[in-house]
Amino acid sequence: MSKKFVSIKAAALVATATLTMGVLGFVSPASAVVDCTKATVSGNGCIVLTVNTFGDVIQPALVAEYRKLRPDVKLAIKKSDLDALNGTGLFTQCAAGGAGNPDIAAVEISYSGFWRSYPQCFVDLRNLRNNAGKNATDIKKDYLPWRWEHGVGYNDSVIGIPTDVGGLEAAYRWDLFKLAGLPYTRASVSSAWSTWPKFIAFGKKYVAATKTSKFKAGLAALTKTGTSENKKFYATQKPVGFMDNIGTVYPAVMNQGTEKYYRNNGTDQGQLIFKTNKQVKLAFDTTVSANTANIGTRIGQFSSDWNVGMTKGTFAAMLAPAWMTSYIKGQSPTTKGKWDIASAPGGGGNMGGSQLTIPKGAKNQQEAWNFISWYLAPAQQLKVFEMYGLFPSTPSLYTNKAITAGKDPFFNNAPVGQIYATGVKKLKPIFEGKLQRCIDMAMGSAISLVANGKEKVPSKAFATGIAAAGKCK
Amino acid sequence: MSQTTVGKARASKPPSPWKPAKPQRKVNNPNAVPSLNGGWGYLFTAPFFVMFLIFGLLPIAYSVYIAFFNWDALGTQEFIGFANFDELFVDTRFWNALLNTLDIWLLSTIPMLIFSIGLAAILHNPALRGSTFFRTILLVPNITSVLAIAIVFGQLFGRDFGMVNIIVGAFGFEHIDFVQGTTSSHVAIASMIVWRWTGYNALIFLAAMLAIPNELYESASLDGAGKFKQFIYVTLPSLRNTITFVLIVGTIGGLQVFAEPLILGGSFNGGDSGQFSTLTLFLFEQAFVAYKWGYAAAIGIMITVIVAIVSIINFFITRKLSGESK
């Protein structure tokens, strides 16, 4: 970068900063009563922690609890509108030298490989000590080892602390499975689709069954029997496909391996192995064969059709991380008791989760660390699990009664906590690198080429994907 | 400009009666206040130009600069000359985005032009009661958040349970997968644009129609022209400048369609196979998802060039069309 442009950039920043301060200068009146809930800037005995987040990473009930604990700290929470995963703001702010950074930023797991290569954008959490005198190294033992790695930078600095863990199991409509004449109890479904080929075969059987007159007659019979609520419910069921979207198969298979696109060769950057790693080919081929078997509905996840389809039985199975269970409950309360949870094919997996980070340039680093180390401690994660169903990343809780004994009536009394705990304990750390997300997207496009019929030969699409991934830099 | 040339200009081309004459900068008028033409003028216009310099011109110049780099904003920057452009010209995603954008632009602009002129003609009718009310509500779609529009339209166009498909199904047709299809997704996006901008443009056309002198209509009706013929031979030719304006503004906006395809697909790739990826969406994806800033800057420059080319073509076509209709 030439000197000229540095100075122009600096001038622009100074101009922005002066403007901001000028505006804020009018906002803070000297007040006698300290009510920090109304504070917009730190001062007058109040500390305002700015938090950039998305989705449900920061739960309001716990924010309220922290307010009681620390009335002098106010959390100013901002959710990003366009960039759901909160990558953009962090990136530009780091490029601008940390100016305008929040005190706490949530980073989604699919960005973690990328951010690991830029530890200079974050405060090293090993250098901060909370009220109890603990730094990141002291609390490391509380977390799942493979989950902890997502927040470790290339230079071994700790840049983020894991929030919940997704895990990955499969949620399914046992009532529709039963109607199709397929196994429908937790144990029998888990063993019936223990591998991916079996899962696809199972899906084919289900789709074939929904087209039979027997299935249709069975559904029609259900609309006439039972309570009026039940009759109404079954009258609206429109079975179309087996699973919601076959695109979810690819990351699931990828996460079940020991290596993804990188090999840990002892260096910071790792070694790119996506061209030769058999797991990549396996994940691609499995997804393509799920597509060929036509077991998906091709509804995009989180679209309105998907939300409604959950209630209407458009699909009968979906790969579900723990946080998805509360999403299903929220979206389709009328299906209560008609879902169940079986093990994911291939055994275990992960989808989703985040890290809380303190970006470089944050003004209240000490208070930010106090909050993060409190919010993500086992005691608070347990509350989040009980209230919102987000699964804790702290294994000490997996023997807690709330998790082992809890049965969820929505999921046909499945021991949800136990199922997810078993799954997430199986996973091993996978080395992630800077280009992870870019390669993921290239492979995703290649799968879409096949799924949309634009490329008839899967091996050609695979080659296209690998070539596109090769352009990532 | 001296008094004599002004006089000449007047002699050769009479000023239009419905447009205020352009103020002349240096008229030798003894009553004019001369002192303000000194340095004060610069001071008073400075706030805009300083802001424009910092937030408008500099970023533009800066992005031209980084277009020639492999620009890792957090790492190293390597000068690579025209390599970004070379890569861009053979990047199928770019040409796909360009075609999608042009298709969406055509699908939205033409219906919008027809609807808004039609609406303006209705509002122009003096027999219409409560015209102020209608003029006001025409602006409601325009002040509605694009995101809100995109979310609602996304639901309307849902494959299984969207209202459009429920109606399609009621007529006995197969449901259309608007999001997965190429043309169908373009129609969905174009409909959002049409809905949002028709009212606004109708008001612009209405203003232009109100400026047409009544004498023209009177003489037309004396010549025996009915309402429809008056519309074709008096109203439309008089609107040619306005149509050019609306088309150029619409082109600039239409080639920058962003929020609608983003919300429809829920991600930056513009659909599973990029079937409704647009130029700006592709730019944003390259800049903030793939973090290739130099490449994104190159895309930005290409968008500017394309907008300029399309605007010039637009300008000449509308000129030509209005020349023929005279």
# chains A, B, ... in the order shown; residues from 1 in each chain; ligands from 1
$ interface_residues --of "chain A" --to "chain B" --cutoff "6 Å" --atoms "only C-alpha atoms" --output "compact mmCIF listing (two decimals) with C-alpha atoms, in the first residue's frame"
# COMPACT_ATOMS: atom_id res chain seq x y z
CA THR A 88 -18.27 -8.89 6.82
CA ALA A 95 -8.79 -4.06 7.70
CA SER A 304 -40.98 -20.16 3.92
CA ASP A 305 -41.79 -23.43 2.15
CA CYS A 438 -14.23 -20.82 -0.09
CA SER A 448 -25.94 -27.83 -7.37
$ atom_distance --atom1 "CA of Gly266 in chain A" --atom2 "CA of Asp156 in chain A"
11.8 Å
$ closest_atom_pairs --of "range 161-259 of chain A" --to "range 404-428 of chain A" --cutoff "10 Å" --atoms "only C-alpha atoms" --output "tab-separated table"
residue	atom	partner	partner_atom	distance
A:Val165	CA	A:Val424	CA	7.9
A:Gly166	CA	A:Val424	CA	8.2
A:Gly167	CA	A:Val424	CA	5.4
A:Leu168	CA	A:Gly423	CA	7.2
A:Glu169	CA	A:Tyr420	CA	7.1
A:Ala171	CA	A:Phe411	CA	8.4
A:Tyr172	CA	A:Phe411	CA	9.0
A:Arg173	CA	A:Phe411	CA	9.0
A:Trp174	CA	A:Asn412	CA	8.7
A:Thr185	CA	A:Asn412	CA	9.8
A:Arg186	CA	A:Ala414	CA	8.0
A:Asn255	CA	A:Leu427	CA	8.5
A:Gln256	CA	A:Leu427	CA	7.5
A:Gly257	CA	A:Lys428	CA	8.7
A:Thr258	CA	A:Lys428	CA	6.9
A:Glu259	CA	A:Lys428	CA	9.6
$ write_last_selection --atoms "N, CA and C atoms" --output "PDB file, in the first residue's frame"
ATOM      1  N   VAL A 165     -22.749 -26.278  21.067  1.00  0.00           N
ATOM      2  CA  VAL A 165     -22.272 -27.208  20.052  1.00  0.00           C
ATOM      3  C   VAL A 165     -23.494 -27.735  19.304  1.00  0.00           C
ATOM      4  N   GLY A 166     -23.363 -27.827  17.990  1.00  0.00           N
ATOM      5  CA  GLY A 166     -24.525 -28.249  17.195  1.00  0.00           C
ATOM      6  C   GLY A 166     -24.802 -29.724  17.351  1.00  0.00           C
ATOM      7  N   GLY A 167     -23.748 -30.526  17.196  1.00  0.00           N
ATOM      8  CA  GLY A 167     -23.992 -31.959  17.105  1.00  0.00           C
ATOM      9  C   GLY A 167     -24.766 -32.211  15.829  1.00  0.00           C
ATOM     10  N   LEU A 168     -24.991 -33.436  15.493  1.00  0.00           N
ATOM     11  CA  LEU A 168     -25.835 -33.696  14.330  1.00  0.00           C
ATOM     12  C   LEU A 168     -26.477 -35.065  14.469  1.00  0.00           C
ATOM     13  N   GLU A 169     -27.780 -35.066  14.576  1.00  0.00           N
ATOM     14  CA  GLU A 169     -28.530 -36.318  14.574  1.00  0.00           C
ATOM     15  C   GLU A 169     -29.625 -36.151  13.521  1.00  0.00           C
ATOM     16  N   ALA A 171     -33.728 -35.864  12.829  1.00  0.00           N
ATOM     17  CA  ALA A 171     -35.096 -35.779  13.340  1.00  0.00           C
ATOM     18  C   ALA A 171     -36.014 -36.367  12.272  1.00  0.00           C
ATOM     19  N   TYR A 172     -37.012 -37.121  12.706  1.00  0.00           N
ATOM     20  CA  TYR A 172     -37.899 -37.709  11.707  1.00  0.00           C
ATOM     21  C   TYR A 172     -39.325 -37.811  12.231  1.00  0.00           C
ATOM     22  N   ARG A 173     -40.263 -37.899  11.308  1.00  0.00           N
ATOM     23  CA  ARG A 173     -41.677 -38.027  11.661  1.00  0.00           C
ATOM     24  C   ARG A 173     -41.997 -39.510  11.782  1.00  0.00           C
ATOM     25  N   TRP A 174     -42.061 -39.991  13.027  1.00  0.00           N
ATOM     26  CA  TRP A 174     -42.289 -41.424  13.212  1.00  0.00           C
ATOM     27  C   TRP A 174     -43.672 -41.834  12.722  1.00  0.00           C
ATOM     28  N   THR A 185     -39.355 -46.869  15.333  1.00  0.00           N
ATOM     29  CA  THR A 185     -38.871 -46.572  16.685  1.00  0.00           C
ATOM     30  C   THR A 185     -37.425 -46.095  16.592  1.00  0.00           C
ATOM     31  N   ARG A 186     -37.026 -45.283  17.602  1.00  0.00           N
ATOM     32  CA  ARG A 186     -35.696 -44.689  17.652  1.00  0.00           C
ATOM     33  C   ARG A 186     -34.598 -45.695  17.305  1.00  0.00           C
ATOM     34  N   ASN A 255     -17.783 -33.767   7.922  1.00  0.00           N
ATOM     35  CA  ASN A 255     -17.439 -33.644   9.341  1.00  0.00           C
ATOM     36  C   ASN A 255     -17.212 -34.983  10.023  1.00  0.00           C
ATOM     37  N   GLN A 256     -17.603 -36.071   9.367  1.00  0.00           N
ATOM     38  CA  GLN A 256     -17.415 -37.387   9.991  1.00  0.00           C
ATOM     39  C   GLN A 256     -16.023 -37.949   9.740  1.00  0.00           C
ATOM     40  N   GLY A 257     -15.259 -37.272   8.885  1.00  0.00           N
ATOM     41  CA  GLY A 257     -13.898 -37.733   8.626  1.00  0.00           C
ATOM     42  C   GLY A 257     -12.927 -37.224   9.671  1.00  0.00           C
ATOM     43  N   THR A 258     -11.658 -37.535   9.459  1.00  0.00           N
ATOM     44  CA  THR A 258     -10.628 -37.033  10.363  1.00  0.00           C
ATOM     45  C   THR A 258      -9.938 -35.815   9.773  1.00  0.00           C
ATOM     46  N   GLU A 259     -10.067 -35.641   8.443  1.00  0.00           N
ATOM     47  CA  GLU A 259      -9.477 -34.498   7.763  1.00  0.00           C
ATOM     48  C   GLU A 259     -10.474 -33.971   6.753  1.00  0.00           C
TER      49      GLU A 259
END
$ select_by_dssp --residues "range 25-192 of chain B" --states "strand (DSSP E)" --output "PyMOL selection string"
chain B and resi 69-71+77-79
$ residues_around --residues "Asn291 in chain A" --least-positions-apart "4" --cutoff "9 Å" --atoms "only C-alpha atoms" --output "PyMOL selection string"
chain A and resi 246-247+286-287+295-296+450-451
$ residues_around --residues "range 136-145 of chain B" --least-positions-apart "4" --cutoff "7 Å" --atoms "only C-alpha atoms" --output "count of residues only"
7
$ select_by_dssp --residues "range 59-265 of chain A" --states "alpha helix (DSSP H)" --output "MDAnalysis selection string"
chainID A and resid 60:69 88:95 112:116 136:139 145:148 174:179 186:192 196:210 213:222 228:235 249:255
$ residues_around --residues "Leu283 in chain B" --least-positions-apart "6" --cutoff "8 Å" --atoms "only C-alpha atoms" --output "VMD selection string"
chain B and resid 296 to 297 299 to 300
$ atom_distance --atom1 "CA of Phe391 in chain A" --atom2 "CA of Phe91 in chain A"
28.2 Å
$ atom_distance --atom1 "CA of Ala67 in chain B" --atom2 "CA of Tyr295 in chain B"
6.2 Å
$ closest_residue --among "A:Leu62, A:Ala342, A:Ile466, A:Ala322" --to "Ala192 in chain A" --atoms "only C-alpha atoms"
A:Ala342
$ residues_around --residues "Leu88 in chain B" --least-positions-apart "3" --cutoff "8 Å" --atoms "only C-alpha atoms" --output "list in words"
Asn84, Phe85, Asp91, Phe94, Tyr295, Ala298 and Ile299 of chain B
$ closest_residue --among "B:Val187, B:Leu99, B:Leu119, B:Leu247" --to "Asn314 in chain B" --atoms "only C-alpha atoms"
B:Leu247
$ residues_around --residues "range 268-271 of chain A" --least-positions-apart "4" --cutoff "8 Å" --atoms "only C-alpha atoms" --output "mmCIF file with N, CA and C atoms, in the first residue's frame"
data_model
loop_
_atom_site.group_PDB
_atom_site.id
_atom_site.type_symbol
_atom_site.label_atom_id
_atom_site.label_comp_id
_atom_site.auth_asym_id
_atom_site.auth_seq_id
_atom_site.Cartn_x
_atom_site.Cartn_y
_atom_site.Cartn_z
ATOM 1 N N SER A 117 -6.582 -17.826 10.607
ATOM 2 C CA SER A 117 -5.387 -17.364 9.914
ATOM 3 C C SER A 117 -5.148 -15.868 10.131
ATOM 4 N N TYR A 154 -3.802 -19.470 14.363
ATOM 5 C CA TYR A 154 -2.639 -20.151 13.805
ATOM 6 C C TYR A 154 -1.416 -20.062 14.720
ATOM 7 N N ASN A 155 -1.309 -18.948 15.440
ATOM 8 C CA ASN A 155 -0.126 -18.787 16.281
ATOM 9 C C ASN A 155 -0.387 -19.264 17.707
ATOM 10 N N TYR A 262 -7.701 -29.752 4.715
ATOM 11 C CA TYR A 262 -6.340 -29.492 5.167
ATOM 12 C C TYR A 262 -5.785 -30.694 5.917
ATOM 13 N N ARG A 263 -4.470 -30.793 5.887
ATOM 14 C CA ARG A 263 -3.806 -31.771 6.741
ATOM 15 C C ARG A 263 -2.940 -30.999 7.718
ATOM 16 N N ASN A 264 -2.972 -31.425 8.964
ATOM 17 C CA ASN A 264 -2.138 -30.783 9.973
ATOM 18 C C ASN A 264 -0.716 -31.298 9.835
ATOM 19 N N PHE A 431 -8.418 -30.268 11.535
ATOM 20 C CA PHE A 431 -7.651 -29.059 11.247
ATOM 21 C C PHE A 431 -8.399 -28.222 10.212
ATOM 22 N N GLY A 433 -8.601 -24.533 7.933
ATOM 23 C CA GLY A 433 -7.703 -23.508 7.394
ATOM 24 C C GLY A 433 -8.442 -22.370 6.742
ATOM 25 N N LYS A 434 -7.671 -21.434 6.256
ATOM 26 C CA LYS A 434 -8.181 -20.169 5.741
ATOM 27 C C LYS A 434 -9.186 -20.349 4.604
#
